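Raw entry_15.cif, mmCIF, C-alpha atoms:
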data_final
#
loop_
_atom_site.label_atom_id
_atom_site.label_comp_id
_atom_site.auth_asym_id
_atom_site.auth_seq_id
_atom_site.Cartn_x
_atom_site.Cartn_y
_atom_site.Cartn_z
CA MET D 174 138.92 146.59 -77.03
CA LYS D 175 137.22 149.71 -75.63
CA THR D 176 140.22 150.34 -73.35
CA ILE D 177 142.61 150.10 -76.30
CA ALA D 178 140.48 152.52 -78.32
CA LEU D 179 140.44 155.05 -75.47
CA THR D 180 144.21 154.71 -75.03
CA VAL D 181 144.80 155.35 -78.73
CA ALA D 182 142.45 158.35 -78.69
CA SER D 183 144.21 159.79 -75.62
CA PHE D 184 147.61 159.35 -77.26
CA PHE D 185 146.33 161.04 -80.42
CA THR D 186 145.01 163.97 -78.36
CA ILE D 187 148.29 164.43 -76.45
CA MET D 188 150.34 164.21 -79.65
CA ILE D 189 148.29 166.90 -81.39
CA ALA D 190 148.41 169.24 -78.39
CA THR D 191 152.20 168.84 -78.17
CA GLN D 192 152.64 169.55 -81.88
CA ILE D 193 150.52 172.71 -81.82
CA ALA D 194 152.24 174.03 -78.70
CA THR D 195 155.49 174.35 -80.65
CA TYR D 196 154.06 176.91 -83.08
CA ALA D 197 152.95 179.92 -81.01
CA GLN D 198 151.79 181.06 -77.62
CA ALA D 199 148.08 181.21 -76.85
CA GLY D 200 146.53 184.59 -77.50
CA ASP D 201 148.27 185.32 -80.82
CA LYS D 202 145.96 186.74 -83.47
CA LEU D 203 146.30 186.45 -87.22
CA ASN D 204 146.03 189.51 -89.42
CA PRO D 205 145.92 189.81 -93.22
CA GLY D 206 149.33 188.94 -94.63
CA ASP D 207 150.15 186.46 -91.84
CA MET D 208 151.01 182.88 -92.74
CA LEU D 209 148.76 179.89 -92.14
CA PRO D 210 149.89 178.47 -88.78
CA ALA D 211 150.38 174.83 -87.82
CA MET D 212 149.71 173.68 -91.36
CA ASP D 213 151.55 170.37 -90.89
CA VAL D 214 149.80 169.40 -87.64
CA SER D 215 147.45 166.45 -87.99
CA LEU D 216 143.98 167.12 -86.57
CA ARG D 217 141.40 164.43 -85.89
CA SER D 218 138.40 164.52 -88.19
CA ALA D 219 134.83 163.44 -87.47
CA SER D 220 135.32 160.97 -90.30
CA GLY D 221 137.76 159.10 -88.07
CA SER D 222 140.91 160.00 -89.96
CA GLY D 223 143.49 162.71 -89.39
CA THR D 224 144.25 165.57 -91.76
CA THR D 225 146.43 168.65 -91.90
CA LEU D 226 145.58 172.15 -93.07
CA LYS D 227 148.28 171.77 -95.72
CA ALA D 228 146.63 168.61 -97.05
CA ALA D 229 143.21 170.30 -97.08
CA SER D 230 144.45 173.22 -99.17
CA GLN D 231 143.70 173.27 -102.88
CA GLU D 232 145.29 175.12 -105.79
CA ASN D 233 143.71 178.49 -104.92
CA GLY D 234 144.02 178.32 -101.16
CA LEU D 235 142.21 177.28 -98.00
CA LEU D 236 139.17 178.47 -96.05
CA VAL D 237 139.18 177.69 -92.33
CA MET D 238 135.88 177.99 -90.46
CA PHE D 239 135.53 177.85 -86.68
CA SER D 240 132.18 176.34 -85.80
CA CYS D 241 130.46 173.86 -83.47
CA ASN D 242 127.33 171.74 -83.06
CA THR D 243 125.37 173.92 -80.68
CA CYS D 244 125.57 177.67 -81.32
CA PRO D 245 122.25 179.18 -82.49
CA PHE D 246 124.17 181.37 -84.95
CA VAL D 247 125.85 178.28 -86.42
CA ILE D 248 122.53 176.47 -86.71
CA LYS D 249 120.65 179.34 -88.35
CA ASN D 250 123.58 179.93 -90.73
CA GLN D 251 123.90 176.27 -91.70
CA PRO D 252 122.39 176.84 -95.19
CA ILE D 253 124.96 179.62 -95.68
CA THR D 254 127.72 177.28 -94.55
CA GLN D 255 126.63 174.70 -97.11
CA LYS D 256 126.58 177.42 -99.76
CA VAL D 257 130.11 178.46 -98.81
CA ILE D 258 131.33 174.83 -98.87
CA ASP D 259 130.04 174.47 -102.43
CA TYR D 260 131.36 177.89 -103.47
CA ALA D 261 134.86 177.18 -102.16
CA ALA D 262 134.94 173.81 -103.93
CA ALA D 263 133.80 175.35 -107.21
CA HIS D 264 136.67 177.85 -106.99
CA HIS D 265 139.30 175.24 -106.06
CA VAL D 266 139.65 176.51 -102.51
CA GLY D 267 140.03 173.83 -99.85
CA MET D 268 137.99 174.07 -96.67
CA VAL D 269 137.95 172.70 -93.14
CA ILE D 270 135.56 173.29 -90.23
CA ILE D 271 137.11 173.33 -86.74
CA ASN D 272 135.25 172.77 -83.48
CA SER D 273 137.07 174.54 -80.63
CA ASN D 274 134.40 174.26 -77.92
CA GLU D 275 136.70 172.39 -75.54
CA ALA D 276 134.62 173.36 -72.50
CA GLN D 277 131.72 171.34 -73.95
CA ARG D 278 133.80 168.42 -75.18
CA GLY D 279 132.22 166.08 -72.68
CA ASP D 280 128.71 167.05 -73.74
CA GLN D 281 127.10 168.45 -76.91
CA ASP D 282 130.39 169.19 -78.64
CA SER D 283 131.94 165.82 -77.90
CA TYR D 284 133.72 163.93 -80.65
CA HIS D 285 130.79 161.50 -80.91
CA ALA D 286 128.35 164.41 -81.20
CA MET D 287 130.55 165.92 -83.91
CA ILE D 288 130.36 162.69 -85.89
CA GLN D 289 126.57 162.77 -85.73
CA TYR D 290 126.40 166.48 -86.58
CA ALA D 291 128.71 166.12 -89.57
CA LYS D 292 126.53 163.29 -90.87
CA SER D 293 123.30 165.24 -90.33
CA GLN D 294 124.70 168.24 -92.21
CA LYS D 295 126.25 166.03 -94.91
CA TYR D 296 129.57 167.83 -94.59
CA SER D 297 131.80 167.21 -97.60
CA VAL D 298 134.79 168.86 -95.89
CA PRO D 299 136.74 167.74 -92.80
CA TYR D 300 135.12 168.59 -89.45
CA LEU D 301 138.07 168.76 -87.06
CA VAL D 302 138.56 168.61 -83.29
CA ASP D 303 140.59 171.45 -81.78
CA VAL D 304 142.35 169.99 -78.74
CA ASP D 305 142.48 172.42 -75.79
CA ASP D 306 141.40 175.31 -78.11
CA ASN D 307 144.95 175.45 -79.45
CA MET D 308 144.00 176.22 -83.05
CA ALA D 309 141.48 178.87 -81.98
CA ASP D 310 144.20 180.50 -79.91
CA LEU D 311 146.70 180.42 -82.78
CA PHE D 312 144.20 182.01 -85.15
CA GLY D 313 142.78 184.41 -82.58
CA ALA D 314 139.29 183.06 -83.33
CA SER D 315 136.64 184.28 -80.91
CA HIS D 316 133.25 183.29 -82.29
CA THR D 317 131.31 180.61 -84.12
CA PRO D 318 130.92 180.88 -87.02
CA GLU D 319 134.09 182.72 -88.02
CA VAL D 320 136.16 182.27 -91.19
CA PHE D 321 139.79 182.74 -92.24
CA LEU D 322 140.68 182.70 -95.95
CA PHE D 323 144.24 181.95 -97.09
CA ASN D 324 145.59 182.29 -100.63
CA LYS D 325 147.74 179.79 -102.51
CA GLN D 326 150.84 181.26 -100.86
CA ASN D 327 149.26 180.36 -97.48
CA LYS D 328 148.82 184.02 -96.53
CA LEU D 329 145.71 185.28 -94.75
CA VAL D 330 143.67 187.52 -97.06
CA TYR D 331 140.32 187.75 -95.25
CA LYS D 332 138.93 187.05 -91.80
CA GLY D 333 135.61 187.59 -90.06
CA ALA D 334 131.97 186.92 -90.86
CA MET D 335 130.58 184.95 -93.80
CA ASN D 336 127.99 187.61 -94.57
CA ASP D 337 126.72 190.99 -93.39
CA ASN D 338 123.73 189.65 -91.45
CA PRO D 339 124.65 186.58 -89.33
CA GLY D 340 121.66 187.27 -87.07
CA ASP D 341 119.24 186.93 -89.97
CA PRO D 342 121.17 185.13 -92.72
CA GLY D 343 118.12 184.92 -94.99
CA SER D 344 118.28 188.71 -95.33
CA TYR D 345 121.97 189.22 -96.05
CA LYS D 346 123.01 191.72 -98.72
CA LYS D 347 126.72 190.93 -98.97
CA MET D 348 128.48 187.58 -98.86
CA TYR D 349 131.86 188.75 -97.64
CA VAL D 350 133.55 185.38 -97.97
CA GLU D 351 132.36 184.80 -101.54
CA ASP D 352 133.46 188.31 -102.54
CA ALA D 353 136.85 187.62 -100.94
CA ILE D 354 137.21 184.31 -102.80
CA ASN D 355 136.29 186.00 -106.10
CA ALA D 356 138.86 188.75 -105.62
CA MET D 357 141.55 186.34 -104.42
CA VAL D 358 141.14 184.00 -107.39
CA ALA D 359 141.13 186.96 -109.79
CA GLY D 360 144.26 188.43 -108.20
CA LYS D 361 142.42 191.57 -107.16
CA GLU D 362 142.46 193.57 -103.93
CA ILE D 363 140.09 192.24 -101.28
CA ASP D 364 137.90 194.84 -99.62
CA PRO D 365 137.11 194.48 -96.80
CA LYS D 366 139.93 192.27 -95.56
CA VAL D 367 138.52 192.13 -92.02
CA THR D 368 134.94 192.14 -90.76
CA LYS D 369 133.52 191.65 -87.30
CA SER D 370 132.64 188.06 -86.49
CA ILE D 371 129.24 187.81 -84.82
CA GLY D 372 128.02 184.65 -83.13
CA CYS D 373 128.55 182.60 -80.00
CA GLY D 374 131.78 182.94 -78.07
CA ILE D 375 134.06 179.92 -78.40
CA LYS D 376 133.73 177.86 -75.23
CA ARG D 377 137.38 177.62 -74.27
CA LYS D 378 138.72 175.24 -71.67
CA ALA D 379 138.78 176.84 -68.21
#
Whole structure, structure tokens version:
Amino acid sequence: MKTIALTVASFFTIMIATQIATYAQAGDKLNPGDMLPAMDVSLRSASGSGTTLKAASQENGLLVMFSCNTCPFVIKNQPITQKVIDYAAAHHVGMVIINSNEAQRGDQDSYHAMIQYAKSQKYSVPYLVDVDDNMADLFGASHTPEVFLFNKQNKLVYKGAMNDNPGDPGSYKKMYVEDAINAMVAGKEIDPKVTKSIGCGIKRKA
């Protein structure tokens, strides 16, 4: 039974990597106005099911967060992440969290560890595995945490940090991502559209 499970998991991993590879070359970076990439690719969730970015989108758009289990910036910003999850839901914006730390997949960012982390944080949104850092490469994501907000036309409208003080999130003065969601939903100009993501570097596969 264990052998069958591992075989299925390996097939699932290879299938996802092959699908993503058809979209863009590694190293591409998204900028405001660019379309949501690989939206039809099924990614494995810590819940055990697969989902696509298209399926996760709601009527006002989609928020994609790159995160992990281990980064000190992720851990200290976890209350902010929960706040953002709730805020996105209240504004009919879908959300997913993607773990791209492929270099630590055999250790603290393994799929099993992701399951436990998602349960401990009571995530109400999909926590997805990024096979071979492919999604991080498509988005041009470099840090955890880092967010990308797409409108209902699947166009990128904001990318960067959640707030203006990731190093001390209890002392932030501006919640960039909430301001961006407010402006997007209201049909107003988002300012700023890009901020600097500050956190741990994504541990890409060597």
Could you name the residues that touch range 227-243 of chain D at 7 Å or less, counting all atoms listed in the file, but leaving out those on the same chain fewer than 6 positions away, as an mmCIF file with C-alpha atoms, keeping the file's coordinate frame?
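Result file follows (selection_17.cif):
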data_model
loop_
_atom_site.group_PDB
_atom_site.id
_atom_site.type_symbol
_atom_site.label_atom_id
_atom_site.label_comp_id
_atom_site.auth_asym_id
_atom_site.auth_seq_id
_atom_site.Cartn_x
_atom_site.Cartn_y
_atom_site.Cartn_z
ATOM 1 C CA MET D 212 149.710 173.680 -91.360
ATOM 2 C CA ASP D 213 151.550 170.370 -90.890
ATOM 3 C CA HIS D 265 139.300 175.240 -106.060
ATOM 4 C CA VAL D 266 139.650 176.510 -102.510
ATOM 5 C CA GLY D 267 140.030 173.830 -99.850
ATOM 6 C CA MET D 268 137.990 174.070 -96.670
ATOM 7 C CA VAL D 269 137.950 172.700 -93.140
ATOM 8 C CA ILE D 270 135.560 173.290 -90.230
ATOM 9 C CA ILE D 271 137.110 173.330 -86.740
ATOM 10 C CA ASN D 272 135.250 172.770 -83.480
ATOM 11 C CA ASN D 274 134.400 174.260 -77.920
ATOM 12 C CA GLN D 281 127.100 168.450 -76.910
ATOM 13 C CA ASP D 282 130.390 169.190 -78.640
ATOM 14 C CA MET D 287 130.550 165.920 -83.910
ATOM 15 C CA TYR D 290 126.400 166.480 -86.580
ATOM 16 C CA THR D 317 131.310 180.610 -84.120
ATOM 17 C CA PRO D 318 130.920 180.880 -87.020
ATOM 18 C CA GLU D 319 134.090 182.720 -88.020
ATOM 19 C CA VAL D 320 136.160 182.270 -91.190
ATOM 20 C CA PHE D 321 139.790 182.740 -92.240
ATOM 21 C CA LEU D 322 140.680 182.700 -95.950
ATOM 22 C CA PHE D 323 144.240 181.950 -97.090
ATOM 23 C CA ASN D 324 145.590 182.290 -100.630
ATOM 24 C CA LYS D 325 147.740 179.790 -102.510
ATOM 25 C CA ASN D 327 149.260 180.360 -97.480
ATOM 26 C CA VAL D 358 141.140 184.000 -107.390
#
Nearest-residue call for Lys332 in chain D, choices D:Arg377, D:Lys249, D:His285, D:His316, using only C-alpha atoms: D:His316
Taking the file as shown, find all residues satisfying the PyMOL selection byres ((chain D and resi 339-345) around 7) and write them as a PyMOL selection string. chain D and resi 246+250+336-338+346-347+371
Mind telling me what the PyMOL selection byres ((chain D and resi 206) around 7) catches here, as a PyMOL selection string? chain D and resi 204-205+207-208+328-330
Select, from D:Gly313, D:Pro252, D:Gly360, D:Gly223, the residue with the minimum atom-to-atom distance to Lys295 in chain D, counting only C-alpha atoms.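 The shortest atom-to-atom distance to Lys295 in chain D comes from D:Pro252.
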Selected residue, from D:Asp303, D:Asp259, D:Asp364, D:Asp352, that lies nearest to Gln277 in chain D when counting only C-alpha atoms: D:Asp303
